[in-house]
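Next up, data04.txt (compact mmCIF, C-alpha atoms):
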# COMPACT_ATOMS: atom_id res chain seq x y z
CA MET A 1 46.24 25.84 59.44
CA LEU A 2 43.54 28.15 60.64
CA THR A 3 44.97 29.16 64.00
CA ASN A 4 48.24 28.92 65.84
CA ASP A 5 46.83 25.99 67.77
CA SER A 6 46.31 24.12 64.54
CA VAL A 7 50.02 23.33 64.49
CA ARG A 8 49.42 20.87 67.34
CA THR A 9 46.06 19.57 66.24
CA ASP A 10 45.68 19.56 62.45
CA PHE A 11 47.51 17.15 60.22
CA SER A 12 50.32 19.10 58.59
CA ALA A 13 53.97 18.89 57.75
CA TRP A 14 54.73 20.19 61.23
CA PHE A 15 53.59 16.79 62.45
CA PHE A 16 56.96 15.16 61.72
CA PRO A 17 59.67 16.71 63.85
CA GLU A 18 63.06 15.14 64.11
CA SER A 19 62.91 11.88 66.01
CA ASP A 20 64.93 8.82 66.87
CA SER A 21 63.95 5.92 64.63
CA THR A 22 64.73 3.40 67.37
CA ASN A 23 62.17 5.03 69.58
CA ASP A 24 59.72 5.06 66.66
CA PHE A 25 59.99 1.29 66.21
CA THR A 26 59.58 0.83 69.95
CA ALA A 27 56.45 2.95 69.80
CA GLN A 28 55.06 0.73 67.04
CA ALA A 29 55.65 -2.41 69.12
CA VAL A 30 54.01 -0.77 72.10
CA TYR A 31 51.04 0.20 69.95
CA GLU A 32 50.63 -3.40 68.83
CA MET A 33 50.75 -4.66 72.42
CA LEU A 34 48.48 -1.88 73.60
CA TYR A 35 45.64 -2.94 71.30
CA GLY A 36 46.37 -6.67 71.24
CA ASP A 37 44.00 -9.33 72.58
CA GLY A 38 44.01 -9.47 76.37
CA ALA A 39 46.30 -6.47 76.62
CA SER A 40 46.46 -4.55 79.87
CA PRO A 41 48.60 -1.51 79.11
CA SER A 42 49.96 0.66 81.83
CA LEU A 43 50.08 4.45 81.86
CA SER A 44 53.75 4.38 80.94
CA ASP A 45 52.91 2.22 77.94
CA ALA A 46 50.40 4.78 76.76
CA ALA A 47 52.89 7.58 77.38
CA ALA A 48 55.43 5.77 75.20
CA LEU A 49 53.15 6.27 72.23
CA VAL A 50 53.31 10.04 72.59
CA ARG A 51 56.33 11.22 70.72
CA ALA A 52 57.85 14.61 70.21
CA LYS A 53 55.32 17.37 69.77
CA PRO A 54 54.77 18.91 66.33
CA GLY A 55 57.18 21.64 65.54
CA ALA A 56 58.96 23.65 62.86
CA PRO A 57 62.08 22.24 61.16
CA LYS A 58 65.43 23.32 62.54
CA HIS A 59 67.40 22.90 59.34
CA LEU A 60 66.84 22.36 55.63
CA TYR A 61 67.22 18.59 55.71
CA GLN A 62 64.56 18.34 58.37
CA ALA A 63 62.29 20.60 56.33
CA TRP A 64 62.75 18.34 53.31
CA LEU A 65 62.08 15.31 55.48
CA GLN A 66 58.89 16.78 56.94
CA ILE A 67 57.51 17.74 53.52
CA ARG A 68 58.27 14.32 52.08
CA LYS A 69 56.73 12.39 55.00
CA PHE A 70 53.66 14.58 54.87
CA HIS A 71 53.39 13.90 51.16
CA ILE A 72 53.76 10.13 51.59
CA LEU A 73 51.11 9.89 54.28
CA ASN A 74 48.69 11.94 52.20
CA VAL A 75 49.29 9.67 49.22
CA VAL A 76 48.48 6.69 51.42
CA ALA A 77 45.35 8.34 52.79
CA LEU A 78 44.05 10.09 49.63
CA ASP A 79 45.77 8.47 46.61
CA ILE A 80 48.67 9.70 44.55
CA SER A 81 46.44 11.33 41.95
CA HIS A 82 44.55 13.42 44.48
CA THR A 83 44.84 17.14 43.76
CA PHE A 84 46.17 17.84 47.24
CA CYS A 85 48.91 15.22 46.83
CA VAL A 86 49.78 16.63 43.42
CA ALA A 87 49.98 20.07 45.00
CA ILE A 88 52.34 18.84 47.70
CA GLN A 89 54.46 17.11 45.09
CA THR A 90 54.63 20.41 43.19
CA TYR A 91 55.54 22.28 46.34
CA TYR A 92 58.18 19.64 47.09
CA ASN A 93 59.66 20.05 43.62
CA ARG A 94 59.78 23.83 44.05
CA PHE A 95 61.39 23.33 47.44
CA LEU A 96 64.12 21.22 45.88
CA ALA A 97 64.59 23.78 43.14
CA THR A 98 65.12 26.57 45.65
CA GLU A 99 67.22 24.52 48.06
CA SER A 100 70.48 26.02 46.88
CA ARG A 101 69.17 29.50 47.44
CA LEU A 102 67.83 28.53 50.83
CA HIS A 103 71.27 27.39 51.83
CA GLN A 104 72.50 30.87 51.21
CA LEU A 105 70.00 32.41 53.60
CA MET B 1 -14.70 -64.32 53.31
CA VAL B 2 -18.01 -66.05 52.94
CA GLU B 3 -21.59 -65.05 52.49
CA PHE B 4 -23.13 -65.23 55.96
CA GLN B 5 -26.88 -65.64 55.58
CA ASN B 6 -29.40 -64.23 57.99
CA ALA B 7 -30.87 -67.73 58.45
CA TYR B 8 -27.76 -68.71 60.36
CA TRP B 9 -28.96 -66.52 63.21
CA ASN B 10 -32.46 -67.98 63.29
CA LEU B 11 -33.74 -69.88 66.30
CA THR B 12 -34.55 -73.55 65.98
CA ALA B 13 -37.79 -75.06 67.17
CA ALA B 14 -37.88 -76.19 70.83
CA VAL B 15 -35.63 -79.21 71.21
CA TYR B 16 -35.23 -81.59 74.08
CA THR B 17 -31.58 -82.05 75.01
CA GLY B 18 -29.89 -84.21 77.59
CA ASP B 19 -28.08 -82.78 80.57
CA ASP B 20 -24.32 -82.99 81.01
CA VAL B 21 -24.40 -86.21 83.03
CA THR B 22 -26.68 -87.98 80.54
CA ILE B 23 -24.49 -87.01 77.60
CA ASP B 24 -21.26 -87.90 79.35
CA ASN B 25 -22.58 -91.28 80.46
CA ALA B 26 -23.84 -92.12 76.99
CA LEU B 27 -20.55 -91.18 75.36
CA THR B 28 -18.49 -92.99 77.98
CA ALA B 29 -20.52 -96.16 77.56
CA ASP B 30 -19.65 -96.18 73.86
CA ALA B 31 -15.99 -97.10 74.10
CA ASP B 32 -15.52 -97.35 70.33
CA ALA B 33 -16.65 -93.77 69.76
CA ASP B 34 -19.15 -94.85 67.14
CA ILE B 35 -21.92 -92.72 68.55
CA GLN B 36 -21.92 -89.26 67.03
CA VAL B 37 -25.44 -88.17 67.98
CA LEU B 38 -27.77 -88.79 70.90
CA GLY B 39 -31.57 -88.82 71.34
CA PRO B 40 -34.14 -88.12 70.59
CA PHE B 41 -34.92 -86.93 74.11
CA VAL B 42 -38.49 -86.55 75.21
CA ALA B 43 -40.34 -84.93 78.04
CA GLY B 44 -39.37 -86.59 81.28
CA ASP B 45 -35.75 -87.27 80.31
CA ALA B 46 -33.04 -85.65 82.34
CA GLY B 47 -32.38 -82.47 80.47
CA THR B 48 -34.00 -79.30 79.21
CA VAL B 49 -36.06 -78.13 76.33
CA ARG B 50 -35.05 -74.92 74.65
CA ARG B 51 -34.55 -73.12 71.36
CA PHE B 52 -31.12 -72.58 69.98
CA ARG B 53 -29.58 -70.36 67.37
CA CYS B 54 -27.83 -72.04 64.53
CA THR B 55 -24.76 -69.93 65.16
CA VAL B 56 -22.70 -69.35 68.26
CA VAL B 57 -19.79 -67.11 68.98
CA VAL B 58 -16.66 -69.05 69.93
CA PRO B 59 -14.65 -67.35 72.66
CA PRO B 60 -11.17 -66.48 71.37
CA ALA B 61 -9.50 -68.76 73.94
CA TYR B 62 -11.07 -71.81 72.24
CA VAL B 63 -10.83 -70.79 68.60
CA THR B 64 -7.55 -72.64 68.21
CA LEU B 65 -9.24 -75.90 69.21
CA PHE B 66 -11.64 -75.55 66.29
CA LEU B 67 -8.98 -74.44 63.87
CA ALA B 68 -6.60 -77.28 64.75
CA ALA B 69 -8.73 -79.82 62.90
CA PRO B 70 -12.33 -80.32 61.76
CA LEU B 71 -14.30 -81.49 64.82
CA MET B 72 -17.30 -83.78 64.82
CA PRO B 73 -19.99 -82.89 67.42
CA ARG B 74 -18.84 -85.64 69.77
CA GLN B 75 -15.18 -84.59 69.45
CA ALA B 76 -16.10 -80.99 70.06
CA TRP B 77 -18.05 -81.95 73.18
CA GLU B 78 -15.26 -84.07 74.56
CA THR B 79 -12.41 -81.72 73.67
CA VAL B 80 -13.77 -78.20 73.98
CA ARG B 81 -16.10 -78.80 76.90
CA ALA B 82 -13.30 -80.58 78.79
CA GLN B 83 -11.07 -77.57 78.26
CA ILE B 84 -13.84 -75.20 79.39
CA ILE B 85 -14.29 -77.19 82.59
CA ALA B 86 -10.54 -77.31 83.12
CA ASP B 87 -10.41 -73.52 82.76
CA GLY B 88 -13.40 -73.05 85.09
CA HIS B 89 -15.36 -71.11 82.43
CA GLU B 90 -18.54 -73.18 82.49
CA ALA B 91 -20.82 -70.26 83.25
CA ALA B 92 -19.19 -67.83 80.83
CA CYS B 93 -19.16 -70.41 78.04
CA GLU B 94 -22.65 -71.75 78.62
CA PRO B 95 -23.91 -70.63 75.13
CA LEU B 96 -21.11 -72.58 73.49
CA THR B 97 -21.70 -75.60 75.70
CA ASN B 98 -25.44 -75.57 74.89
CA TYR B 99 -24.65 -75.25 71.20
CA LEU B 100 -22.39 -78.30 71.41
CA ARG B 101 -25.10 -80.07 73.37
CA LEU B 102 -27.62 -79.47 70.59
CA ALA B 103 -25.09 -80.44 67.94
CA LEU B 104 -25.05 -83.92 69.53
CA THR B 105 -28.83 -84.22 69.64
CA ILE B 106 -31.25 -85.47 67.07
CA VAL B 107 -34.94 -84.64 67.15
CA ASN B 108 -36.51 -87.63 65.48
CA THR B 109 -35.62 -91.29 65.52
CA GLY B 110 -33.59 -92.15 62.49
CA ASP B 111 -32.12 -88.66 62.09
CA THR B 112 -28.41 -88.58 61.50
CA LYS B 113 -27.83 -84.88 62.06
CA SER B 114 -28.74 -82.27 64.57
CA PRO B 115 -31.33 -79.65 63.58
CA ILE B 116 -28.60 -77.02 63.58
CA ALA B 117 -26.58 -78.94 61.01
CA ILE B 118 -26.78 -76.62 58.05
CA ALA B 119 -24.92 -76.40 54.83
CA PRO B 120 -21.73 -74.41 55.34
CA PRO B 121 -21.65 -70.96 53.82
CA THR B 122 -20.11 -70.76 50.41
CA ALA B 123 -17.37 -68.42 49.41
CA PRO B 124 -18.49 -66.15 46.57
CA LEU B 125 -16.43 -65.88 43.42
CA ALA B 126 -13.64 -63.42 43.91
CA ASP B 127 -14.15 -60.47 41.61
CA ASN B 128 -12.37 -57.15 41.71
CA PHE B 129 -15.08 -55.48 43.73
CA LEU B 130 -14.96 -58.23 46.34
CA LEU B 131 -11.18 -58.19 46.47
CA ASP B 132 -11.16 -54.44 46.90
CA ARG B 133 -13.80 -54.68 49.58
CA ARG B 134 -11.86 -57.35 51.44
CA HIS B 135 -8.66 -55.36 51.09
CA SER B 136 -10.31 -52.20 52.40
CA ILE B 137 -11.58 -54.12 55.45
CA LEU B 138 -8.10 -55.47 56.05
CA LYS B 139 -6.57 -52.02 55.72
CA GLN B 140 -9.09 -50.61 58.16
CA ASP B 141 -8.43 -53.33 60.71
CA PHE B 142 -4.67 -53.38 60.12
CA PRO B 143 -3.47 -49.88 59.17
CA VAL B 144 0.07 -51.17 58.90
CA LEU B 145 -0.94 -53.04 55.75
CA ASN B 146 -2.17 -49.84 54.10
CA THR B 147 0.60 -49.08 51.63
CA ALA B 148 -1.05 -45.82 50.59
CA LEU B 149 -1.02 -44.66 54.19
CA ALA B 150 2.58 -45.73 54.47
CA GLY B 151 3.27 -43.69 51.35
CA ILE B 152 1.66 -40.66 52.94
CA HIS B 153 3.81 -41.16 56.01
CA HIS B 154 6.85 -41.49 53.82
CA ASN B 155 5.93 -38.26 52.07
CA GLU B 156 5.47 -36.51 55.40
CA ILE B 157 8.87 -37.74 56.57
CA ALA B 158 10.40 -36.69 53.27
CA ASN B 159 8.77 -33.26 53.56
CA GLU B 160 10.01 -32.85 57.12
CA LEU B 161 13.49 -33.91 56.06
CA HIS B 162 13.33 -31.48 53.16
CA THR B 163 12.28 -28.69 55.54
CA LEU B 164 15.08 -29.62 57.92
CA VAL B 165 17.62 -29.67 55.10
CA THR B 166 16.33 -26.33 53.83
CA VAL B 167 16.56 -24.76 57.28
CA THR B 168 20.08 -26.10 57.69
CA GLN B 169 21.08 -24.86 54.24
CA ASN B 170 19.64 -21.42 54.96
CA ALA B 171 21.43 -21.31 58.29
CA ASN B 172 24.68 -22.27 56.59
CA ALA B 173 24.10 -19.69 53.86
CA ASP B 174 23.43 -17.02 56.50
CA ALA B 175 26.54 -18.05 58.41
CA ASN B 176 28.59 -17.92 55.20
CA ALA B 177 27.13 -14.53 54.34
CA ARG B 178 27.96 -13.25 57.83
CA ARG B 179 31.47 -14.70 57.56
CA LEU B 180 31.98 -13.08 54.16
CA ALA B 181 30.54 -9.81 55.44
CA ALA B 182 32.94 -9.99 58.38
CA GLN B 183 35.79 -10.47 55.94
CA ASN B 184 34.62 -7.74 53.55
CA LYS B 185 34.10 -4.76 55.78
CA THR B 186 34.06 -1.32 54.24
CA PRO B 187 35.62 1.90 55.54
CA THR B 188 32.15 2.78 56.82
CA ASP B 189 32.50 -0.05 59.36
CA LEU B 190 35.72 1.59 60.54
CA LEU B 191 34.80 5.25 60.48
CA GLY B 192 31.05 5.23 60.91
CA ALA B 193 28.58 7.10 58.71
CA THR B 194 29.89 10.58 59.50
CA GLY B 195 33.55 9.65 59.18
CA SER B 196 32.77 7.84 55.96
CA ILE B 197 31.18 10.94 54.43
CA THR B 198 34.13 13.04 55.57
CA LEU B 199 36.57 10.62 53.95
CA GLN B 200 34.51 10.65 50.73
CA ARG B 201 34.67 14.45 50.71
CA TYR B 202 38.40 14.59 51.41
CA SER B 203 39.29 11.86 48.92
CA HIS B 204 36.88 13.18 46.26
CA GLN B 205 35.16 9.81 45.89
CA ASN B 206 31.47 9.31 45.23
CA ASN B 207 31.63 5.79 46.57
CA ILE B 208 33.34 5.06 49.86
CA ASN B 209 34.44 1.69 48.50
CA ASN B 210 36.68 3.54 46.05
CA ALA B 211 38.61 5.15 48.87
CA PRO B 212 42.32 4.29 49.07
CA ASN B 213 43.12 0.73 50.02
CA VAL B 214 44.49 1.56 53.45
CA TRP B 215 41.02 2.33 54.82
CA THR B 216 39.60 -1.01 53.64
CA LEU B 217 42.58 -2.83 55.09
CA MET B 218 42.09 -1.14 58.43
CA ALA B 219 38.39 -2.00 58.45
CA ASN B 220 39.22 -5.67 58.04
CA ARG B 221 42.03 -5.88 60.59
CA LYS B 222 42.31 -5.58 64.33
CA LYS B 223 43.19 -2.24 65.82
CA SER B 224 46.53 -3.60 66.96
CA GLN B 225 47.45 -4.09 63.29
CA HIS B 226 46.46 -0.62 62.12
CA LEU B 227 49.90 0.89 62.61
CA ASN B 228 51.49 -1.98 60.71
CA ILE B 229 49.04 -1.48 57.85
CA TRP B 230 50.00 2.15 57.59
CA GLN B 231 53.67 1.19 57.67
CA TRP B 232 53.15 -1.30 54.82
CA GLU B 233 51.33 1.31 52.75
CA VAL B 234 53.98 3.92 53.50
CA ASN B 235 56.68 1.52 52.34
CA ARG B 236 54.70 0.84 49.16
CA VAL B 237 54.34 4.56 48.41
CA LYS B 238 58.00 5.17 49.19
CA GLU B 239 58.84 2.71 46.45
CA ILE B 240 56.50 4.46 44.02
CA LEU B 241 58.04 7.86 44.83
CA ASN B 242 61.59 6.53 44.61
CA GLU B 243 62.24 7.39 48.24
CA LEU B 244 63.38 3.98 49.47
CA GLN B 245 66.31 5.57 51.27
CA LEU B 246 63.94 7.69 53.34
CA GLN B 247 63.55 6.34 56.84
CA PHE B 248 59.92 6.83 57.82
CA VAL B 249 58.51 4.98 60.82
CA VAL B 250 54.80 5.73 61.05
CA ASP B 251 53.72 7.40 64.24
CA ALA B 252 50.59 6.24 66.10
CA SER B 253 49.56 9.80 66.80
CA ALA B 254 49.67 10.67 63.09
CA VAL B 255 47.45 7.69 62.26
CA GLU B 256 44.99 8.59 64.98
CA VAL B 257 44.79 12.16 63.71
CA LEU B 258 44.18 10.96 60.15
CA LYS B 259 41.41 8.61 61.34
CA SER B 260 39.69 11.37 63.29
CA LEU B 261 39.88 14.10 60.66
Write-out of the structure in structure tokens:
Amino acid sequence: MLTNDSVRTDFSAWFFPESDSTNDFTAQAVYEMLYGDGASPSLSDAAALVRAKPGAPKHLYQAWLQIRKFHILNVVALDISHTFCVAIQTYYNRFLATESRLHQL
Amino acid sequence: MVEFQNAYWNLTAAVYTGDDVTIDNALTADADADIQVLGPFVAGDAGTVRRFRCTVVVPPAYVTLFLAAPLMPRQAWETVRAQIIADGHEAACEPLTNYLRLALTIVNTGDTKSPIAIAPPTAPLADNFLLDRRHSILKQDFPVLNTALAGIHHNEIANELHTLVTVTQNANADANARRLAAQNKTPTDLLGATGSITLQRYSHQNNINNAPNVWTLMANRKKSQHLNIWQWEVNRVKEILNELQLQFVVDASAVEVLKSL
């Protein structure tokens, strides 16, 4: 994260704000239709793909969720043995270890 | 095949022959057909004096008459000449008619044969050289009989067929190679050269083909399936990380950002 704007552009843990899973599945179906053969998507269809903007977690559970999702996607994209994924896993473990103290904040 | 001597083309001495009417009347008067030769004719008789060759060319239309059966001079005159008159070819066939006329004529009293009656040519003994010579003439006149030529044609056809088969096989091999290539795309086909290098750098891989499986899967699937591919891979990783209870529906915007990094 080089600048403040990077929160909205770079791929980071901020990329997974709280969302409704029903809407997420709908967005996946729309995506499939949008790029399917002979598809003619409308503007509203395209808008349905845009979900909540990246943002900071509002509570500890959401923070845990964001870190874990970020880790999973990086494992998919880079492999589980990649140094960056190992680093996130380490950070995640430290996060869990300090969770009780965070609750007291 | 016979040995045709040059003497067969020689001219005879001048011979008196009867004209058509004289010959016809003489033959008609002999109802028993005993007369085979006429003459000798002398100066003053109705007819002509001329020299003849001992050989005459038979027009193709009348060859069959000679081949049907051996003809005596009188039979030839009565049969062939009658046919020539019936066909209206008297002028065109005058050499043949004159030859037949001489064949009926003797020169001296007491002769039994015409001066053009010669011993028939003899067929030489058939040796290999002669047989080869005869066969070569036949092959030249009738190319269809030339088995060697037919063999060459067969070889040409076989070569053309071989070429056609080879072209077809190459085309099929190319099509198969293209089909396999279409089924075995690499991440480079998805990301392009620059994106491929970026992915190699991020994933610490020297070879783009060693990049994580998700990139190869995306390269070989339609864009509409890309989100599903990421969802399948996410589910697989969730199982590895013992996070099956985690509800994670992959977002299109996240995938697009990852692809464009």
Q: Please return, as a list of chain:residue names, all residues of chain B lying within 8 Å of chain A when only C-alpha atoms are considered.
A: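 That gives B:Tyr202, B:Ser203, B:His204, B:Ala211, B:Pro212, B:Val214, B:Trp215, B:Lys223, B:Ser224, B:Gln225, B:Leu227, B:Asn228, B:Trp230, B:Glu233, B:Val234, B:Val237, B:Lys238, B:Gln247, B:Phe248, B:Val249, B:Val250, B:Asp251, B:Ala252, B:Ser253, B:Ala254, B:Val257, B:Leu258 for chain B.
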Q. What gap, in Å, lies between atom CA of Asp19 of chain B and atom CA of Val49 of chain B?
A. 10.2 Å
(Q) Using only C-alpha atoms, which protein or nucleic acid residues come within 10 Å of segment 82-89 of chain B? Drop anything in the same chain fewer than 6 positions from it, and give the result as JSON, numbers by chain. (A) {"B": [61, 62, 65, 76, 96, 97]}
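When atom CA of Asn184 of chain B is paired with atom CA of Asn213 of chain B, their separation reads 12.5 Å.
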(Q) To one decimal place in Å, what is the distance between atom CA of Leu130 of chain B and atom CA of Val56 of chain B? (A) 25.8 Å
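The residue that comes closest to Pro57 of chain A, out of A:Ala97, A:Leu43, A:Ala13, A:Ile88 and on the basis of only C-alpha atoms, is A:Ala13.
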**Q.** Option closest in space to Pro54 of chain A, from A:Gly38, A:Thr90, A:Ile67, A:Trp14 [counting all atoms listed in the file]
**A.**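 Closest candidate: A:Trp14.
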(Q) Applying 10 Å and all atoms listed in the file, which residues near His59 of chain A remain after dropping the ones on its own chain fewer than 4 positions away? List them as a ChimeraX atom specification. (A) /A:63-64,103
